[in-house]
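Contents: one structure, followed by commentary.
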Amino acid sequence: MREGDGAAGLVIAHLSDLHLGAHDPEAVASVAADVAAVRPALTVVTGDLTMRARTGQFRQARTLLDRLPGPALVVAGNHDIPLVSVRRLLVPYRRYQRFVRADLDPVVRLDGLAALGLQSTPRWRWKRGRVTRGQSAAVVAVLGSAPADAVRVLALHHPPRAAGPGRIAGRGRFLRALASARVDLVLAGHTHVPRAGLMDLDDTAHRPVEVVAGTAVSRRTRGTPRSWTVIRVDRTSILVEERRQGPAGWHTGVAHRFPRAG
């Protein structure tokens, strides 16, 4: 029995913002083994697999994804769309779909877990995200119909709690969908700065845990070490642990425990 199964709890590995093409070779070489060591039931990657959505960078990303333990849930980020190119208008997701996966809003169902990924990067926005009406409806349909005791996971590139210029379009409708579906975990990236906290959803006592992963392997650090996140879910709590890269390899950094919303 793997660590993520049964009464012992469920383990999820969460990586983000790989930025292959602007990466640290040592981090790329070592991160897959560190992820595999926690024996996750699911590995989630929340976007920006590449630096500039070039074919060679997607090939590098595909190689790293193939080394990570499966099953995997992967979504695209704003860097996975060509920056200044007619491709951005005509075929923005073609390379991502060729090298990563065709489904932009993927679903993974496992024993005791239901996970949905959303493509939160429209072609007409450079950095800001959005969740459409149809995607919010999918949250309710897919995660809301999961078994009562299942861990319900929603993954997207843009953090839902971001305010100001980073606020995602369609957020109010999206947050209502999270409450209706009784989502346990919302996983995101984009900022390169790891954080975790309870989400306040209007007019409801339901409080999912939002986890924003840092940048796992890129050189685009923003005052914090490269990191990825281990999430351990049991019947009553969610433990979020950072795995940071240091001179001696990967090690556990900050850890937070939250009550499970359900």
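For the structure tokens, the naming scheme is as follows: chains receive sequential letters (A, B, ...) according to their order of presentation, residues are indexed from 1 within each chain, and ligands are indexed from 1 in presentation order.
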
For this session: Give me every alpha helix (DSSP H) residue in region 106-147 of chain A, going by DSSP on the backbone, as a PyMOL selection string.
Result: chain A and resi 133-138

Selection above as a file: all heavy atoms, as an mmCIF file, in the first residue's frame:
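Final output, result-v1.cif:
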data_model
loop_
_atom_site.group_PDB
_atom_site.id
_atom_site.type_symbol
_atom_site.label_atom_id
_atom_site.label_comp_id
_atom_site.auth_asym_id
_atom_site.auth_seq_id
_atom_site.Cartn_x
_atom_site.Cartn_y
_atom_site.Cartn_z
ATOM 1 N N ARG A 133 -17.714 30.817 -17.148
ATOM 2 C CA ARG A 133 -18.957 30.294 -16.582
ATOM 3 C C ARG A 133 -19.017 28.766 -16.734
ATOM 4 O O ARG A 133 -19.412 28.046 -15.820
ATOM 5 C CB ARG A 133 -20.150 30.948 -17.278
ATOM 6 C CG ARG A 133 -21.498 30.614 -16.671
ATOM 7 C CD ARG A 133 -22.609 31.338 -17.418
ATOM 8 N NE ARG A 133 -22.424 32.782 -17.385
ATOM 9 C CZ ARG A 133 -22.839 33.575 -16.390
ATOM 10 N NH1 ARG A 133 -23.454 33.038 -15.349
ATOM 11 N NH2 ARG A 133 -22.645 34.876 -16.452
ATOM 12 N N GLY A 134 -18.599 28.280 -17.909
ATOM 13 C CA GLY A 134 -18.611 26.839 -18.139
ATOM 14 C C GLY A 134 -17.643 26.097 -17.232
ATOM 15 O O GLY A 134 -17.943 24.981 -16.771
ATOM 16 N N GLN A 135 -16.481 26.692 -16.965
ATOM 17 C CA GLN A 135 -15.524 26.054 -16.070
ATOM 18 C C GLN A 135 -16.043 26.008 -14.635
ATOM 19 O O GLN A 135 -15.867 25.017 -13.930
ATOM 20 C CB GLN A 135 -14.183 26.782 -16.129
ATOM 21 C CG GLN A 135 -13.418 26.545 -17.422
ATOM 22 C CD GLN A 135 -12.155 27.369 -17.489
ATOM 23 O OE1 GLN A 135 -12.167 28.570 -17.171
ATOM 24 N NE2 GLN A 135 -11.067 26.742 -17.896
ATOM 25 N N SER A 136 -16.698 27.071 -14.191
ATOM 26 C CA SER A 136 -17.293 27.064 -12.852
ATOM 27 C C SER A 136 -18.367 25.994 -12.749
ATOM 28 O O SER A 136 -18.489 25.300 -11.724
ATOM 29 C CB SER A 136 -17.875 28.440 -12.513
ATOM 30 O OG SER A 136 -16.847 29.391 -12.321
ATOM 31 N N ALA A 137 -19.136 25.851 -13.819
ATOM 32 C CA ALA A 137 -20.150 24.791 -13.831
ATOM 33 C C ALA A 137 -19.492 23.414 -13.764
ATOM 34 O O ALA A 137 -20.019 22.491 -13.132
ATOM 35 C CB ALA A 137 -21.022 24.919 -15.080
ATOM 36 N N ALA A 138 -18.332 23.260 -14.412
ATOM 37 C CA ALA A 138 -17.620 21.974 -14.377
ATOM 38 C C ALA A 138 -17.127 21.657 -12.971
ATOM 39 O O ALA A 138 -17.081 20.480 -12.574
ATOM 40 C CB ALA A 138 -16.453 21.997 -15.357
#

Problem set entry | Spatial neighbours of region 230-242 of chain A, 10 Å, only C-alpha atoms, chain gap at least 2 places, as a PyMOL selection string | chain A and resi 3-15+35+38+40+43+149-151+184-185+194-197+208-209+211+213-214+226-228+244-245+250-262

Problem set entry | Between CA of Gly170 (chain A) and CA of Ala76 (chain A), distance in Å (one decimal) |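 Interatomic distance here is 18.1 Å.
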
Problem set entry | Members of region 10-213 of chain A assigned strand (DSSP E) by DSSP, as a PyMOL selection string | chain A and resi 10-15+42-46+72-75+107-110+113-117+151-155+185-188+195-198+209-212

Please report as CSV every residue of region 51-79 of chain A lying within 10 Å of region 95-102 of chain A, along with the nearest atom pair and their distance in Å (one decimal), using only C-alpha atoms.
residue,atom,partner,partner_atom,distance
A:Ala53,CA,A:Arg95,CA,7.3
A:Arg54,CA,A:Arg95,CA,7.8
A:Thr55,CA,A:Arg95,CA,6.9
A:Gln57,CA,A:Phe99,CA,10.0
A:Phe58,CA,A:Phe99,CA,6.2
A:Arg59,CA,A:Phe99,CA,6.8
A:Gln60,CA,A:Phe99,CA,9.7
A:Ala61,CA,A:Val100,CA,8.1
A:Arg62,CA,A:Phe99,CA,6.2
A:Thr63,CA,A:Phe99,CA,9.7
A:Leu65,CA,A:Val100,CA,8.4
A:Asp66,CA,A:Val100,CA,10.0
A:Leu73,CA,A:Arg101,CA,9.8
A:Val74,CA,A:Val100,CA,7.9
A:Val75,CA,A:Arg101,CA,8.8
A:Ala76,CA,A:Tyr96,CA,7.4
A:Gly77,CA,A:Tyr96,CA,9.8

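Ranking A:Pro106, A:Pro159, A:Pro247, A:Gly21 by their shortest atom-to-atom distance to Thr50 (chain A), with only C-alpha atoms included, puts A:Gly21 first.
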
For this session: With a distance cut-off of 9 Å and only C-alpha atoms, select the neighbouring residues of His190 (chain A), excluding the residue or stretch itself and same-chain residues fewer than 4 positions from it, and output the selection as a list in words.
Result: Ser16, Asp17, Thr46, Gly47, Asp48, Gly77, Asn78, Lys127, His157, His158, Pro159, Val212, Ala213, Gly214 and Thr215 of chain A

Exercise. Leaving out Ala72 (chain A) and any residue of its chain fewer than 3 positions from it, which residues lie within 9 Å of it when counting only C-alpha atoms, given as JSON, numbers by chain?
Worked result: {"A": [41, 42, 43, 44, 45, 65, 68, 69, 108]}

For the residues in that selection, give me N, CA, C and O atoms as a tab-separated table (two decimals), in the first residue's frame.
chain	number	residue	atom	x	y	z
A	41	ALA	N	0.00	9.90	-4.23
A	41	ALA	CA	-1.11	9.30	-4.96
A	41	ALA	C	-1.38	10.07	-6.24
A	41	ALA	O	-1.89	9.52	-7.21
A	42	LEU	N	-1.05	11.38	-6.24
A	42	LEU	CA	-1.26	12.24	-7.40
A	42	LEU	C	-0.17	13.31	-7.43
A	42	LEU	O	0.19	13.86	-6.38
A	43	THR	N	0.35	13.58	-8.62
A	43	THR	CA	1.29	14.69	-8.82
A	43	THR	C	0.59	15.76	-9.64
A	43	THR	O	0.06	15.48	-10.72
A	44	VAL	N	0.57	16.99	-9.12
A	44	VAL	CA	-0.10	18.11	-9.78
A	44	VAL	C	0.94	19.14	-10.20
A	44	VAL	O	1.82	19.51	-9.41
A	45	VAL	N	0.86	19.61	-11.44
A	45	VAL	CA	1.74	20.67	-11.94
A	45	VAL	C	0.87	21.81	-12.44
A	45	VAL	O	0.11	21.63	-13.40
A	65	LEU	N	8.27	15.72	-17.03
A	65	LEU	CA	6.98	15.16	-16.64
A	65	LEU	C	7.01	13.64	-16.64
A	65	LEU	O	6.43	12.99	-15.76
A	68	LEU	N	8.45	12.29	-13.41
A	68	LEU	CA	7.70	12.47	-12.18
A	68	LEU	C	6.75	11.30	-11.96
A	68	LEU	O	6.26	10.71	-12.92
A	69	PRO	N	6.48	10.94	-10.72
A	69	PRO	CA	5.57	9.82	-10.46
A	69	PRO	C	4.14	10.15	-10.88
A	69	PRO	O	3.66	11.28	-10.68
A	108	VAL	N	-8.96	13.84	-13.08
A	108	VAL	CA	-8.39	12.59	-12.57
A	108	VAL	C	-9.27	12.11	-11.44
A	108	VAL	O	-9.55	12.85	-10.49

For this session: Would you mind telling me which residue in A:Val139, A:Ala22, A:Leu156, A:Leu178 lies nearest to Arg207 (chain A) when using only C-alpha atoms?
Result: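 Among the listed residues, the smallest separation from Arg207 (chain A) belongs to A:Leu178.
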
Exercise. What lies within 7 Å of Asp105 (chain A) using only C-alpha atoms, ignoring chain neighbours under 2 positions off, as a PyMOL selection string?
Worked result: chain A and resi 103+107+116-119
